[in-house]
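Visitor: Sharing structure_33.txt here; it has compact mmCIF, C-alpha atoms.
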# COMPACT_ATOMS: atom_id res chain seq x y z
CA ALA A 1 116.43 220.83 143.57
CA GLN A 2 115.10 223.06 146.26
CA SER A 3 111.58 222.99 147.65
CA VAL A 4 109.69 224.91 150.29
CA THR A 5 106.79 223.65 152.39
CA GLN A 6 104.54 226.03 154.27
CA LEU A 7 102.64 223.79 156.61
CA ASP A 8 99.57 225.98 157.09
CA SER A 9 97.59 227.46 154.22
CA GLN A 10 95.52 229.63 156.55
CA VAL A 11 96.15 230.93 160.08
CA PRO A 12 93.38 232.88 161.83
CA VAL A 13 94.30 234.68 165.04
CA PHE A 14 92.90 237.38 167.26
CA GLU A 15 94.46 240.80 167.52
CA GLU A 16 97.34 241.06 170.03
CA ALA A 17 97.82 237.28 170.07
CA PRO A 18 101.17 235.72 169.15
CA VAL A 19 101.56 233.95 165.83
CA GLU A 20 103.94 231.47 164.22
CA LEU A 21 103.95 230.69 160.51
CA ARG A 22 105.84 227.52 159.72
CA CYS A 23 108.24 226.91 156.87
CA ASN A 24 110.40 223.90 156.05
CA TYR A 25 112.78 223.63 153.14
CA SER A 26 114.79 220.97 151.41
CA SER A 27 118.08 221.60 149.73
CA SER A 28 121.32 219.77 149.23
CA VAL A 29 123.35 222.95 149.48
CA SER A 30 123.53 225.93 151.77
CA VAL A 31 120.72 228.33 151.09
CA TYR A 32 119.54 231.83 151.73
CA LEU A 33 116.10 232.02 153.35
CA PHE A 34 113.44 234.71 153.10
CA TRP A 35 109.99 235.70 154.22
CA TYR A 36 107.90 237.96 152.01
CA VAL A 37 104.53 239.57 152.69
CA GLN A 38 101.90 240.29 150.06
CA TYR A 39 99.02 242.65 150.81
CA PRO A 40 95.92 242.45 148.58
CA ASN A 41 96.56 243.62 145.03
CA GLN A 42 100.16 244.46 145.77
CA GLY A 43 103.53 242.98 144.98
CA LEU A 44 105.78 241.14 147.38
CA GLN A 45 107.65 242.96 150.12
CA LEU A 46 110.66 241.51 151.88
CA LEU A 47 110.04 241.00 155.62
CA LEU A 48 113.37 239.49 156.57
CA LYS A 49 116.19 237.32 155.31
CA TYR A 50 118.79 234.87 156.56
CA LEU A 51 122.08 234.90 154.69
CA SER A 52 124.55 233.79 157.36
CA GLY A 53 125.53 234.46 160.97
CA SER A 54 123.03 234.67 163.80
CA THR A 55 120.19 232.19 163.41
CA LEU A 56 117.66 234.63 164.87
CA VAL A 57 116.74 237.21 162.28
CA LYS A 58 114.71 240.33 162.96
CA GLY A 59 112.69 241.99 160.22
CA ILE A 60 110.27 244.80 159.67
CA ASN A 61 106.94 245.30 161.45
CA GLY A 62 108.07 243.38 164.55
CA PHE A 63 108.50 240.01 162.81
CA GLU A 64 111.39 237.65 163.46
CA ALA A 65 112.40 234.21 162.24
CA GLU A 66 114.77 231.50 163.42
CA PHE A 67 116.91 229.41 161.11
CA ASN A 68 117.19 225.84 162.33
CA LYS A 69 119.62 223.90 160.14
CA SER A 70 119.09 220.53 161.80
CA GLN A 71 115.33 220.73 161.30
CA THR A 72 115.61 222.59 157.97
CA SER A 73 113.09 225.11 159.21
CA PHE A 74 112.69 228.88 159.11
CA HIS A 75 109.56 229.70 161.10
CA LEU A 76 108.22 233.25 161.25
CA ARG A 77 106.98 234.68 164.54
CA LYS A 78 105.42 237.81 165.96
CA PRO A 79 104.61 238.21 169.66
CA SER A 80 101.55 240.40 169.16
CA VAL A 81 99.75 240.85 165.84
CA HIS A 82 97.71 243.77 164.55
CA ILE A 83 94.76 243.91 162.19
CA SER A 84 97.11 245.44 159.62
CA ASP A 85 99.20 242.24 159.58
CA THR A 86 96.41 240.50 157.66
CA ALA A 87 98.10 239.39 154.45
CA GLU A 88 99.62 236.43 152.59
CA TYR A 89 103.08 235.40 153.76
CA PHE A 90 105.53 233.50 151.58
CA CYS A 91 108.65 231.65 152.59
CA ALA A 92 111.36 231.38 149.93
CA VAL A 93 114.81 229.91 149.43
CA SER A 94 117.68 230.70 147.12
CA LYS A 95 121.08 229.17 146.53
CA GLY A 96 122.56 232.64 146.75
CA SER A 97 122.44 236.16 145.51
CA ASN A 98 121.23 236.47 141.93
CA TYR A 99 119.91 232.92 142.07
CA LYS A 100 116.22 232.37 141.54
CA LEU A 101 113.84 232.34 144.48
CA THR A 102 111.79 229.21 145.09
CA PHE A 103 108.62 230.06 146.97
CA GLY A 104 106.27 228.08 149.16
CA LYS A 105 102.53 228.14 148.50
CA GLY A 106 101.91 230.84 151.05
CA THR A 107 100.08 231.21 154.36
CA LEU A 108 97.12 233.53 154.65
CA LEU A 109 97.26 235.25 158.03
CA THR A 110 93.93 236.71 159.09
CA VAL A 111 93.90 238.86 162.21
CA ASN A 112 90.47 239.26 163.73
CA PRO A 113 89.41 241.97 166.22
CA GLU B 1 113.37 256.17 144.49
CA ALA B 2 110.70 254.90 142.10
CA GLY B 3 109.81 251.23 142.39
CA VAL B 4 109.26 248.57 139.75
CA ALA B 5 106.49 249.65 137.39
CA GLN B 6 104.19 247.24 135.56
CA SER B 7 101.36 247.72 133.12
CA PRO B 8 98.60 247.01 132.64
CA ARG B 9 97.47 246.15 136.15
CA TYR B 10 94.56 244.04 134.91
CA LYS B 11 93.84 242.29 131.62
CA ILE B 12 90.96 240.10 130.52
CA ILE B 13 91.22 238.19 127.25
CA GLU B 14 89.68 235.17 125.60
CA LYS B 15 91.61 231.96 125.07
CA ARG B 16 93.74 231.85 121.95
CA GLN B 17 94.20 235.63 122.01
CA SER B 18 97.57 237.28 122.51
CA VAL B 19 98.63 239.53 125.38
CA ALA B 20 101.71 241.49 126.40
CA PHE B 21 102.88 242.81 129.73
CA TRP B 22 105.41 245.56 130.32
CA CYS B 23 107.87 246.06 133.15
CA ASN B 24 110.17 248.97 133.96
CA PRO B 25 112.69 248.01 136.66
CA ILE B 26 114.28 250.25 139.24
CA SER B 27 116.85 252.48 137.58
CA GLY B 28 120.28 250.91 137.51
CA HIS B 29 119.15 247.39 138.34
CA ALA B 30 120.93 244.91 136.10
CA THR B 31 118.81 241.85 136.83
CA LEU B 32 115.15 241.50 135.91
CA TYR B 33 112.82 238.61 136.72
CA TRP B 34 109.36 237.58 135.55
CA TYR B 35 107.33 235.38 137.90
CA GLN B 36 103.94 233.69 137.40
CA GLN B 37 101.71 233.47 140.48
CA ILE B 38 98.70 231.21 140.05
CA LEU B 39 95.92 231.63 142.60
CA GLY B 40 96.71 229.68 145.76
CA GLN B 41 100.37 229.17 144.87
CA GLY B 42 103.63 230.96 145.38
CA PRO B 43 105.32 232.82 142.55
CA LYS B 44 107.24 230.69 140.05
CA LEU B 45 110.17 232.11 138.10
CA LEU B 46 109.55 232.21 134.36
CA ILE B 47 112.65 234.01 133.15
CA GLN B 48 115.65 235.91 134.52
CA PHE B 49 117.63 238.51 132.59
CA GLN B 50 121.07 239.89 133.40
CA ASN B 51 121.23 243.18 131.49
CA ASN B 52 119.77 242.09 128.11
CA GLY B 53 120.92 238.47 128.26
CA VAL B 54 118.86 235.49 129.49
CA VAL B 55 120.25 233.79 132.60
CA ASP B 56 117.47 231.27 133.28
CA ASP B 57 114.37 230.48 131.23
CA SER B 58 114.07 226.82 132.18
CA GLN B 59 110.47 227.18 133.36
CA LEU B 60 109.23 229.38 130.53
CA PRO B 61 106.71 227.57 128.25
CA LYS B 62 108.53 228.56 125.11
CA ASP B 63 105.84 227.33 122.75
CA ARG B 64 103.60 230.20 123.81
CA PHE B 65 105.56 232.54 126.08
CA SER B 66 108.30 234.92 125.00
CA ALA B 67 110.15 237.73 126.72
CA GLU B 68 112.66 240.32 125.75
CA ARG B 69 114.69 243.00 127.42
CA LEU B 70 116.01 245.22 124.72
CA LYS B 71 118.73 247.68 125.76
CA GLY B 72 118.89 246.03 129.18
CA VAL B 73 116.25 248.25 130.74
CA ASP B 74 112.52 247.60 130.45
CA SER B 75 111.07 244.25 129.47
CA THR B 76 108.04 242.76 127.75
CA LEU B 77 106.48 239.35 128.41
CA LYS B 78 104.15 238.00 125.73
CA ILE B 79 101.73 235.09 125.63
CA GLN B 80 100.57 233.86 122.24
CA PRO B 81 98.11 232.14 122.18
CA ALA B 82 96.76 232.28 125.71
CA LYS B 83 95.23 229.26 127.45
CA LEU B 84 92.81 229.13 130.38
CA GLU B 85 95.61 227.90 132.65
CA ASP B 86 97.59 231.09 132.00
CA SER B 87 95.22 232.99 134.28
CA ALA B 88 97.52 234.31 136.98
CA VAL B 89 99.29 237.35 138.35
CA TYR B 90 102.51 238.12 136.49
CA LEU B 91 105.08 239.73 138.75
CA CYS B 92 108.16 241.56 137.63
CA ALA B 93 111.11 242.04 139.96
CA SER B 94 114.52 243.65 139.67
CA SER B 95 117.73 243.58 141.65
CA PRO B 96 121.05 245.40 141.49
CA GLN B 97 124.30 243.62 140.75
CA LEU B 98 126.51 244.42 143.72
CA ALA B 99 129.79 242.57 143.87
CA GLY B 100 130.25 240.59 147.08
CA GLY B 101 126.92 241.58 148.54
CA TYR B 102 123.35 240.36 148.72
CA ASN B 103 121.15 241.61 145.90
CA GLU B 104 117.58 241.98 147.10
CA GLN B 105 114.78 241.50 144.59
CA PHE B 106 112.23 244.31 144.50
CA PHE B 107 108.79 243.40 143.17
CA GLY B 108 106.30 245.37 141.13
CA PRO B 109 102.54 245.31 141.83
CA GLY B 110 101.88 242.68 139.17
CA THR B 111 99.52 242.27 136.24
CA ARG B 112 96.43 240.15 136.88
CA LEU B 113 95.53 238.18 133.74
CA THR B 114 92.17 236.48 133.35
CA VAL B 115 91.72 234.16 130.36
CA LEU B 116 88.09 233.34 129.54
Starting from the coordinates I provided, produce the structure as structure tokens.
Guide:
Amino acid sequence: AQSVTQLDSQVPVFEEAPVELRCNYSSSVSVYLFWYVQYPNQGLQLLLKYLSGSTLVKGINGFEAEFNKSQTSFHLRKPSVHISDTAEYFCAVSKGSNYKLTFGKGTLLTVNP
Amino acid sequence: EAGVAQSPRYKIIEKRQSVAFWCNPISGHATLYWYQQILGQGPKLLIQFQNNGVVDDSQLPKDRFSAERLKGVDSTLKIQPAKLEDSAVYLCASSPQLAGGYNEQFFGPGTRLTVL
């Protein structure tokens, strides 16, 4: 069975500071990895995904993530955050396309002025 | 392109009552998912449909939850009777079925259910 651990439930940062949201997963098979963002009262939006190939993945809104197979991690980073990045971020894994997504518990990123 | 539509957006009921949620996926998407998102947790898959057939309902509490996708388009999720612990946001998602490619899931805005 797959599981996802998001190590921080809340991350407060100041505007224009860098941020890293941590995600570790466990799986006995190769997986696809995802980061989703959820703004208040909205559904989930895909930020980026790792399917194969380059371990550094770039997504929307200036976010990127690095797949580290040896450490089973997929941490999300942004070099300079904006107030508008305040949202809940979810890491998720899947065995493949059309397989169910298993989500972590989420990290609430709060960007303060 | 229109996104995944869900209704109602909010619902408040008392325990032991029944409730139904509706989802209209993106046109042409063969796969439809229902997720339950309890406050403070990530979404959990309840049921996955491929066209009008069930692919995975292993985490659906079948004694009280039911779902259908007649004609392989829109879908209804029902809870009967509701319990306090069913308070959550119910998310619907859909994805295309593209051979040999990755099929992204697109999420609707969700229905927030409060059981009193």
Visitor: Write out, as JSON lines, each residue of chain A that has an atom at most 6 Å from chain B, together with the closest pair of atoms and their distance in Å to one decimal, counting only C-alpha atoms, rows going by chain and rising number.
Guide:
{"residue": "A:Gln42", "atom": "CA", "partner": "B:Pro109", "partner_atom": "CA", "distance": 4.7}
{"residue": "A:Gly43", "atom": "CA", "partner": "B:Pro109", "partner_atom": "CA", "distance": 4.0}
{"residue": "A:Leu44", "atom": "CA", "partner": "B:Phe107", "partner_atom": "CA", "distance": 5.6}
{"residue": "A:Ser97", "atom": "CA", "partner": "B:Tyr102", "partner_atom": "CA", "distance": 5.4}
{"residue": "A:Phe103", "atom": "CA", "partner": "B:Gly42", "partner_atom": "CA", "distance": 5.3}
{"residue": "A:Gly104", "atom": "CA", "partner": "B:Gly42", "partner_atom": "CA", "distance": 5.4}
{"residue": "A:Lys105", "atom": "CA", "partner": "B:Gly42", "partner_atom": "CA", "distance": 4.3}
{"residue": "A:Gly106", "atom": "CA", "partner": "B:Gly42", "partner_atom": "CA", "distance": 5.9}
Visitor: Find the distance between atom CA of Asn112 of chain A and atom CA of Pro12 of chain A and write it in Å to one decimal.
Guide: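 Answer for the atom CA of Asn112 of chain A to atom CA of Pro12 of chain A separation: 7.3 Å.
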Visitor: Do you know which residues are at most 6 Å from segment 84-89 of chain A counting only C-alpha atoms, after dropping those on the same chain fewer than 6 positions away, and could you put them as a list in words?
Guide: Tyr36, Val37, Gln38, Tyr39, Gly106, Thr107, Leu108, Leu109, Thr110 and Val111 of chain A
Visitor: Hey, what's within 10 Å of Ala82 of chain B if we count all atoms listed in the file and toss same-chain stuff fewer than 5 positions away? As a ChimeraX atom specification, please?
Guide: /B:13-19,64-65,87,114-116
Visitor: Under the rule that all atoms listed in the file are counted, which of A:Ala92, A:Leu101, A:Ala65, A:Ile83 is the nearest residue to Gln6 of chain A?
Guide: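 Smallest separation from Gln6 of chain A among the options: A:Ala92.
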Visitor: Segment 10-21 of chain B, all listed atoms, 6 Å padding on each side: what axis-aligned box centre and edge lengths in Å to one decimal come out, as JSON?
Guide:
{"center_x": 96.3, "center_y": 237.9, "center_z": 128.4, "size_x": 25.2, "size_y": 24.2, "size_z": 25.0}
Visitor: Using all atoms listed in the file, which of the listed residues (A:Asn68, A:Ser9, A:Ser54, A:Asn61) sits closest to Tyr25 of chain A?
Guide: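 Among A:Asn68, A:Ser9, A:Ser54, A:Asn61, it is A:Asn68 that comes nearest to Tyr25 of chain A.
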Visitor: Mind giving me the straight-line distance from atom CA of Cys91 of chain A to atom CA of Val4 of chain A in Å, one decimal?
Guide: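 Taking atom CA of Cys91 of chain A and atom CA of Val4 of chain A, their separation equals 7.2 Å.
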Visitor: Just checking: using only C-alpha atoms, which residue out of B:Gly28, B:Ala2, B:Ser7, B:Trp34 ends up closest to Lys100 of chain A?
Guide: B:Trp34
Visitor: If you measure from atom CA of Leu48 of chain A to atom CA of Pro25 of chain B, what distance in Å do you get, rounded to one decimal?
Guide: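 If I compute the distance from atom CA of Leu48 of chain A to atom CA of Pro25 of chain B, I get 21.7 Å.
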